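Visitor: Here you go, final-v2.txt (compact mmCIF, C-alpha atoms and all ligand atoms):
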# COMPACT_ATOMS: atom_id res chain seq x y z
CA MET W 188 -57.56 -61.15 -24.86
CA SER W 189 -54.09 -59.94 -25.51
CA THR W 190 -52.15 -60.92 -28.53
CA ILE W 191 -48.65 -59.93 -29.30
CA GLN W 192 -48.34 -57.76 -32.31
CA VAL W 193 -46.27 -59.12 -35.09
CA THR W 194 -44.05 -56.59 -36.73
CA GLY W 195 -42.01 -56.96 -39.86
CA GLU W 196 -38.46 -58.22 -39.63
CA ASN W 197 -36.89 -54.89 -40.46
CA GLU W 198 -39.38 -52.70 -38.72
CA GLN W 199 -38.29 -51.54 -35.31
CA HIS W 200 -40.42 -52.96 -32.54
CA PRO W 201 -42.04 -50.14 -30.50
CA ASP W 202 -40.51 -51.58 -27.32
CA VAL W 203 -37.00 -50.80 -28.54
CA ALA W 204 -37.52 -47.06 -28.05
CA LEU W 205 -39.15 -47.57 -24.65
CA VAL W 206 -36.27 -49.74 -23.49
CA ALA W 207 -33.75 -47.17 -24.71
CA SER W 208 -35.53 -44.39 -22.79
CA ALA W 209 -35.75 -46.53 -19.67
CA VAL W 210 -32.04 -47.32 -19.82
CA ALA W 211 -31.41 -43.59 -20.05
CA GLY W 212 -33.28 -43.19 -16.75
CA ASP W 213 -36.84 -42.50 -17.89
CA VAL W 214 -38.88 -44.49 -15.35
CA GLN W 215 -42.10 -43.49 -17.12
CA ALA W 216 -40.99 -45.31 -20.23
CA PHE W 217 -40.46 -48.39 -18.12
CA GLU W 218 -43.89 -47.92 -16.59
CA LYS W 219 -45.36 -48.11 -20.08
CA LEU W 220 -43.69 -51.47 -20.54
CA ILE W 221 -45.12 -52.64 -17.23
CA ARG W 222 -48.62 -51.60 -18.26
CA LYS W 223 -48.22 -53.30 -21.56
CA TYR W 224 -47.17 -56.69 -20.27
CA ASP W 225 -48.13 -57.08 -16.62
CA ARG W 226 -51.34 -58.99 -17.34
CA GLN W 227 -49.60 -61.53 -19.54
CA ILE W 228 -46.79 -61.99 -17.05
CA PHE W 229 -49.31 -62.49 -14.28
CA ARG W 230 -51.19 -65.07 -16.33
CA ILE W 231 -48.04 -67.02 -17.15
CA ALA W 232 -46.91 -66.89 -13.51
CA GLN W 233 -50.31 -68.10 -12.30
CA HIS W 234 -50.30 -70.97 -14.75
CA ILE W 235 -46.88 -72.11 -13.59
CA THR W 236 -47.09 -71.48 -9.86
CA GLN W 237 -50.82 -72.11 -9.38
CA ASN W 238 -50.62 -69.67 -6.52
CA ARG W 239 -51.94 -66.15 -6.51
CA GLU W 240 -49.48 -64.70 -4.02
CA ASP W 241 -46.54 -66.21 -5.88
CA ALA W 242 -47.85 -64.91 -9.18
CA GLU W 243 -48.08 -61.37 -7.81
CA ASP W 244 -44.54 -61.64 -6.49
CA VAL W 245 -43.36 -62.91 -9.84
CA VAL W 246 -44.83 -59.88 -11.61
CA GLN W 247 -43.02 -57.57 -9.23
CA ASP W 248 -39.72 -59.41 -9.24
CA ALA W 249 -39.65 -60.05 -12.98
CA PHE W 250 -40.08 -56.36 -13.78
CA LEU W 251 -37.56 -55.33 -11.15
CA LYS W 252 -35.01 -57.82 -12.44
CA ALA W 253 -35.63 -56.65 -15.97
CA TYR W 254 -35.13 -53.04 -14.92
CA GLU W 255 -31.95 -53.87 -13.09
CA LYS W 256 -30.49 -55.69 -16.06
CA LEU W 257 -31.98 -53.50 -18.74
CA ASP W 258 -28.59 -52.32 -19.93
CA GLN W 259 -27.63 -55.93 -20.54
CA PHE W 260 -30.71 -56.53 -22.64
CA GLN W 261 -29.73 -57.57 -26.13
CA GLY W 262 -31.70 -55.66 -28.69
CA ASN W 263 -31.65 -58.64 -31.00
CA SER W 264 -34.26 -60.42 -28.93
CA LYS W 265 -37.63 -58.90 -28.17
CA PHE W 266 -38.11 -57.26 -24.80
CA TYR W 267 -41.21 -59.36 -24.16
CA THR W 268 -39.37 -62.60 -24.98
CA TRP W 269 -36.63 -61.63 -22.56
CA LEU W 270 -39.14 -60.59 -19.89
CA VAL W 271 -41.08 -63.86 -20.13
CA ARG W 272 -37.84 -65.78 -19.78
CA ILE W 273 -37.14 -63.98 -16.53
CA ALA W 274 -40.72 -64.51 -15.32
CA VAL W 275 -40.68 -68.22 -16.16
CA ASN W 276 -37.49 -68.70 -14.15
CA GLU W 277 -38.88 -66.76 -11.22
CA SER W 278 -42.09 -68.79 -11.36
CA LEU W 279 -40.25 -72.09 -11.40
CA MET W 280 -38.13 -71.01 -8.46
CA ARG W 281 -41.26 -70.31 -6.44
CA LEU W 282 -42.91 -73.51 -7.50
CA ARG W 283 -39.85 -75.45 -6.34
CA LYS W 284 -39.94 -73.71 -2.99
CA ARG W 285 -43.51 -74.79 -2.41
CA ARG W 286 -42.96 -78.32 -3.58
CA THR W 287 -39.75 -79.12 -1.80
CA GLY W 288 -38.41 -82.49 -2.73
CA LYS W 289 -40.43 -82.60 -5.91
CA MET W 290 -38.64 -82.14 -9.18
CA VAL W 291 -39.92 -79.12 -11.02
CA SER W 292 -38.54 -78.23 -14.37
CA ILE W 293 -39.74 -76.89 -17.63
CA ASP W 294 -37.77 -79.37 -19.69
CA GLU W 295 -39.01 -82.34 -17.78
CA ASP W 296 -40.69 -84.38 -20.47
CA ILE W 297 -43.45 -86.54 -19.19
CA GLU W 298 -44.46 -89.46 -21.29
CA THR W 299 -48.11 -90.25 -20.92
CA ASP W 300 -50.51 -92.29 -22.92
CA GLU W 301 -53.14 -89.78 -22.14
CA GLY W 302 -54.21 -87.90 -25.19
CA SER W 303 -52.10 -89.94 -27.56
CA VAL W 304 -55.09 -91.82 -28.85
CA PRO W 305 -58.27 -89.87 -28.24
CA ARG W 306 -60.81 -92.04 -26.54
CA ASP W 307 -63.67 -89.74 -25.87
CA LEU W 308 -65.34 -89.08 -29.13
CA ALA W 309 -68.49 -87.18 -28.44
CA ASP W 310 -68.56 -84.08 -30.58
CA TRP W 311 -69.17 -81.31 -28.09
CA SER W 312 -67.48 -78.76 -30.28
CA PRO W 313 -70.24 -76.37 -31.39
CA ASN W 314 -70.84 -74.49 -28.12
CA PRO W 315 -70.23 -76.30 -24.85
CA GLU W 316 -69.95 -72.96 -23.04
CA GLN W 317 -73.67 -72.42 -23.48
CA ASN W 318 -74.37 -74.83 -20.65
CA TYR W 319 -72.28 -72.96 -18.10
CA SER W 320 -72.06 -69.60 -16.45
CA GLN W 321 -68.81 -67.80 -17.06
CA THR W 322 -67.67 -68.48 -13.51
CA GLU W 323 -68.48 -72.18 -13.83
CA LEU W 324 -66.71 -72.40 -17.17
CA ALA W 325 -63.60 -70.61 -15.90
CA LYS W 326 -63.50 -73.00 -12.96
CA ILE W 327 -63.64 -76.02 -15.27
CA LEU W 328 -60.93 -74.58 -17.51
CA ARG W 329 -58.65 -73.83 -14.57
CA LYS W 330 -59.15 -77.25 -13.05
CA THR W 331 -58.51 -78.93 -16.38
CA ILE W 332 -55.27 -77.15 -17.19
CA GLN W 333 -54.00 -77.56 -13.64
CA GLY W 334 -53.85 -81.30 -14.22
CA LEU W 335 -51.16 -80.88 -16.86
CA PRO W 336 -47.43 -80.80 -16.03
CA PRO W 337 -46.11 -77.20 -15.66
CA GLY W 338 -44.05 -77.52 -18.83
CA PHE W 339 -47.13 -78.39 -20.85
CA ARG W 340 -49.27 -75.67 -19.30
CA VAL W 341 -46.81 -72.96 -20.09
CA VAL W 342 -46.28 -74.07 -23.69
CA PHE W 343 -50.03 -74.14 -24.26
CA VAL W 344 -50.49 -70.69 -22.71
CA LEU W 345 -47.70 -69.08 -24.69
CA ARG W 346 -48.62 -70.64 -28.02
CA ASP W 347 -52.40 -70.87 -27.92
CA VAL W 348 -53.51 -68.22 -25.44
CA ASP W 349 -50.83 -65.58 -26.00
CA GLY W 350 -50.57 -66.49 -29.67
CA LEU W 351 -46.78 -66.55 -29.83
CA SER W 352 -44.84 -68.46 -32.43
CA THR W 353 -43.20 -71.82 -31.79
CA GLU W 354 -39.77 -70.22 -32.20
CA GLU W 355 -40.49 -67.46 -29.68
CA THR W 356 -41.94 -69.94 -27.22
CA ALA W 357 -38.83 -72.10 -27.57
CA GLU W 358 -36.60 -69.09 -26.93
CA MET W 359 -38.62 -68.06 -23.88
CA LEU W 360 -38.48 -71.48 -22.31
CA GLY W 361 -34.99 -72.44 -23.38
CA LEU W 362 -36.40 -75.44 -25.23
CA SER W 363 -35.80 -76.74 -28.73
CA VAL W 364 -38.45 -76.14 -31.41
CA PRO W 365 -39.27 -79.88 -31.69
CA ALA W 366 -39.68 -80.06 -27.90
CA VAL W 367 -42.16 -77.17 -27.99
CA LYS W 368 -44.05 -78.80 -30.86
CA SER W 369 -44.31 -82.16 -29.16
CA ARG W 370 -45.45 -80.59 -25.91
CA LEU W 371 -48.01 -78.43 -27.60
CA LEU W 372 -49.61 -81.35 -29.38
CA ARG W 373 -49.81 -83.36 -26.19
CA ALA W 374 -51.06 -80.40 -24.18
CA ARG W 375 -53.81 -79.75 -26.71
CA LEU W 376 -54.88 -83.38 -26.84
CA GLN W 377 -54.80 -83.83 -23.09
CA LEU W 378 -56.85 -80.72 -22.52
CA ARG W 379 -59.30 -81.87 -25.16
CA GLU W 380 -59.61 -85.26 -23.53
CA ARG W 381 -60.09 -83.78 -20.07
CA LEU W 382 -62.61 -81.20 -21.22
CA SER W 383 -64.59 -83.95 -22.93
CA ARG W 384 -65.32 -85.45 -19.53
CA TYR W 385 -67.14 -82.29 -18.54
CA PHE W 386 -68.71 -81.27 -21.78
CA ARG W 387 -70.03 -84.59 -22.93
CA SER W 388 -71.46 -85.61 -19.57
CA LYS W 389 -73.29 -82.31 -19.40
CA LYS W 390 -74.61 -82.98 -22.85
CA ALA W 391 -75.67 -86.51 -22.00
CA GLY W 392 -77.41 -85.60 -18.77
CA GLU W 393 -78.87 -82.34 -20.01
CA LYS W 394 -80.78 -80.44 -17.42
CA MET X 11 -53.21 -92.42 -43.99
CA THR X 12 -53.87 -93.91 -40.59
CA CYS X 13 -55.43 -92.10 -37.61
CA THR X 14 -52.04 -92.06 -35.85
CA GLU X 15 -50.44 -90.42 -38.88
CA PHE X 16 -53.27 -87.93 -38.98
CA LEU X 17 -52.87 -87.11 -35.32
CA ALA X 18 -49.14 -86.51 -35.72
CA LEU X 19 -49.96 -83.75 -38.20
CA LEU X 20 -52.90 -82.30 -36.30
CA ASP X 21 -51.02 -79.23 -35.06
CA GLU X 22 -49.64 -78.39 -38.48
CA LEU X 23 -53.13 -78.72 -39.90
CA MET X 24 -54.65 -76.45 -37.25
CA ASP X 25 -51.85 -73.93 -37.46
CA GLY X 26 -52.07 -73.90 -41.23
CA THR X 27 -48.41 -74.75 -41.70
CA VAL X 28 -48.96 -77.91 -43.68
CA ALA X 29 -47.96 -78.29 -47.34
CA ALA X 30 -50.75 -78.35 -49.91
CA GLU X 31 -50.14 -81.96 -50.85
CA THR X 32 -50.20 -83.15 -47.25
CA ARG X 33 -53.26 -81.04 -46.58
CA ALA X 34 -55.12 -82.82 -49.35
CA GLN X 35 -54.20 -86.19 -47.80
CA LEU X 36 -55.35 -84.99 -44.39
CA GLU X 37 -58.63 -83.79 -45.79
CA GLU X 38 -59.14 -87.04 -47.59
CA HIS X 39 -58.64 -88.88 -44.32
CA LEU X 40 -61.08 -86.56 -42.58
CA GLY X 41 -63.69 -87.26 -45.23
CA GLY X 42 -63.78 -90.92 -44.27
CA CYS X 43 -63.00 -90.79 -40.56
CA ALA X 44 -65.54 -89.54 -38.04
CA HIS X 45 -63.08 -90.23 -35.24
CA CYS X 46 -60.48 -87.75 -36.50
CA THR X 47 -63.15 -85.23 -37.50
CA VAL X 48 -64.38 -85.11 -33.92
CA THR X 49 -60.82 -84.92 -32.60
CA LEU X 50 -60.06 -81.99 -34.88
CA ASN X 51 -63.28 -80.12 -34.04
CA THR X 52 -63.02 -80.56 -30.30
CA THR X 53 -59.32 -79.73 -30.22
CA ARG X 54 -60.01 -76.53 -32.12
CA LYS X 55 -62.79 -75.72 -29.70
CA THR X 56 -60.51 -76.46 -26.74
CA ILE X 57 -58.07 -73.82 -27.96
CA GLU X 58 -60.83 -71.35 -28.70
CA VAL X 59 -62.43 -71.73 -25.29
CA TYR X 60 -59.10 -71.15 -23.53
CA ARG X 61 -58.35 -68.19 -25.74
CA SER X 62 -61.65 -66.47 -25.10
CA ASN X 63 -61.81 -66.90 -21.33
CA GLU X 64 -59.38 -65.08 -19.08
CA LEU X 65 -58.69 -67.50 -16.23
CA TYR X 66 -56.43 -65.29 -14.20
CA GLU X 67 -57.60 -61.73 -14.18
CA LEU X 68 -55.27 -59.25 -12.54
CA PRO X 69 -57.59 -57.04 -10.45
CA LYS X 70 -57.21 -53.31 -10.92
CA SER X 71 -56.37 -52.68 -7.26
CA VAL X 72 -53.64 -55.34 -7.28
CA ARG X 73 -52.31 -53.98 -10.54
CA GLU X 74 -52.00 -50.48 -9.13
CA ARG X 75 -50.36 -51.75 -5.97
CA LEU X 76 -47.81 -53.73 -7.98
CA HIS X 77 -47.09 -50.81 -10.29
CA GLN X 78 -46.49 -48.48 -7.39
CA ALA X 79 -44.20 -50.96 -5.68
CA ILE X 80 -42.18 -51.59 -8.83
CA VAL X 81 -41.87 -47.96 -9.82
CA ALA X 82 -40.94 -46.88 -6.31
CA ARG X 83 -38.11 -49.37 -6.26
CA CYS X 84 -36.98 -48.47 -9.76
CA LYS X 85 -36.77 -44.83 -8.71
CA ASN X 86 -34.60 -45.83 -5.77
CA GLY X 87 -32.27 -47.60 -8.13
CA CYS X 88 -33.83 -50.96 -7.13
ZN ZN P 401 -58.82 -91.10 -38.44
Using structure tokens, write down the structure from this file.
Ligand SMILES: [Zn+2]
Guide:
Amino acid sequence: MSTIQVTGENEQHPDVALVASAVAGDVQAFEKLIRKYDRQIFRIAQHITQNREDAEDVVQDAFLKAYEKLDQFQGNSKFYTWLVRIAVNESLMRLRKRRTGKMVSIDEDIETDEGSVPRDLADWSPNPEQNYSQTELAKILRKTIQGLPPGFRVVFVLRDVDGLSTEETAEMLGLSVPAVKSRLLRARLQLRERLSRYFRSKKAGEK
Amino acid sequence: MTCTEFLALLDELMDGTVAAETRAQLEEHLGGCAHCTVTLNTTRKTIEVYRSNELYELPKSVRERLHQAIVARCKNGC
């Protein structure tokens, strides 16, 4: 699983040189950036759009947009942060197209009781995955996260799957730090609650 | 500390960003509350299980196709 490398404040991020070469016309340097981040961009796009075709389009369009605007890229933000921001916007645009009439926004804050007070209290924590094949487990995990609002899904993926900081996530999504924090907590608790339904019932009715 | 107060600090506890004094209070609460212990364990596991399973693999063939399409357009000045 990919994690973003954390470099020191004063150290130059390796992407800076690649971006500079790409701006100077070195398409190979840009290709390196594509190879480095395409999987993450695809994952984020899939989580937002929930549609494979759209996610593939997002990968293509996000990189093309980035390339087009590369000379406008501000070196004071990370290339990946900037790229994700483009990809998130592209993803939301596609999601809106498919759900015409439905409001789709990343800053839409949905108040739910779900997850606020955990109800399901079976401790399935040691190794619930033992009871499932990898395909089965992936299916459960996809189904579970799909039930969350897009703004929660993306915060969870950036923070907990990609391992980015709260500040970076906030910058990528154009949200405030407290908004990211509140969403992350609710996303984690809602996922926990929803997963409990699978994991504890399996435990109770063991085959 | 109540369960609601504990829950409000759950993320900070898991992310290790909580002050030592608060951490001690949280741990004290955990010691006497099975409810919050289970919540903490299963929430941690939830994150771990999502982290260790790739849900949306980008197949090699698709990857290559996308790369070629992007690079071709970049070379044409988009
Ligand atoms: Zn408690």
Visitor: Taking only C-alpha atoms into account, find every residue of chain X that has an atom no more than 6 Å from chain W, and write it out as a count of residues only.
Guide: 9
Visitor: Go through the chains and note each residue within 12 Å of ligand ZN 401 (chain P), using only C-alpha atoms and all ligand atoms, then give the set as a list in words.
Guide: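 What falls inside 12 Å of ligand ZN 401 (chain P) is Val304, Pro305 and Leu308 of chain W; Met11, Thr12, Cys13, Thr14, Glu15, Phe16, Leu17, Ala18, Leu19, Leu20, Gln35, Leu36, Glu37, Glu38, His39, Leu40, Gly41, Gly42, Cys43, Ala44, His45, Cys46, Thr47, Val48, Thr49 and Leu50 of chain X.
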Visitor: Determine the axis-aligned bounding box of all atoms of segment 356-360 of chain W present in the file, pad each side by 8 Å, and express its centre and edge lengths in Å to one decimal place as AutoDock Vina command-line options.
Guide:
--center_x -39.3 --center_y -70.1 --center_z -24.9 --size_x 21.3 --size_y 20.0 --size_z 21.3
Visitor: For atom CA of Asp241 of chain W and atom CA of Ser278 of chain W, quote the distance in Å rounded to one decimal.
Guide: 7.5 Å
Visitor: What gap, in Å, lies between atom CA of Asn318 of chain W and atom CA of Thr236 of chain W?
Guide: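 Atom CA of Asn318 of chain W sits 29.5 Å away from atom CA of Thr236 of chain W.
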Visitor: Have a look at X:Val81, X:Met24, X:Val59, X:Asn86 and name the one nearest to Ala216 of chain W; count only C-alpha atoms.
Guide: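 Nearest to Ala216 of chain W: X:Val81.
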Visitor: What is the distance between atom CA of Trp269 of chain W and atom CA of Lys219 of chain W, in Å to one decimal?
Guide: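 It comes out at 16.3 Å.
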Visitor: Have a look at W:Arg272, W:Lys223, W:Arg285, W:Lys256 and name the one nearest to Glu358 of chain W; count all atoms listed in the file.
Guide: W:Arg272
Visitor: Find the spatial neighbours of segment 351-355 of chain W, counting only C-alpha atoms, within a cut-off of 7 Å - ignore same-chain residues fewer than 3 positions away - and output them as number ranges by chain.
Guide: W: 191, 268, 345-346, 358-359, 364, 367
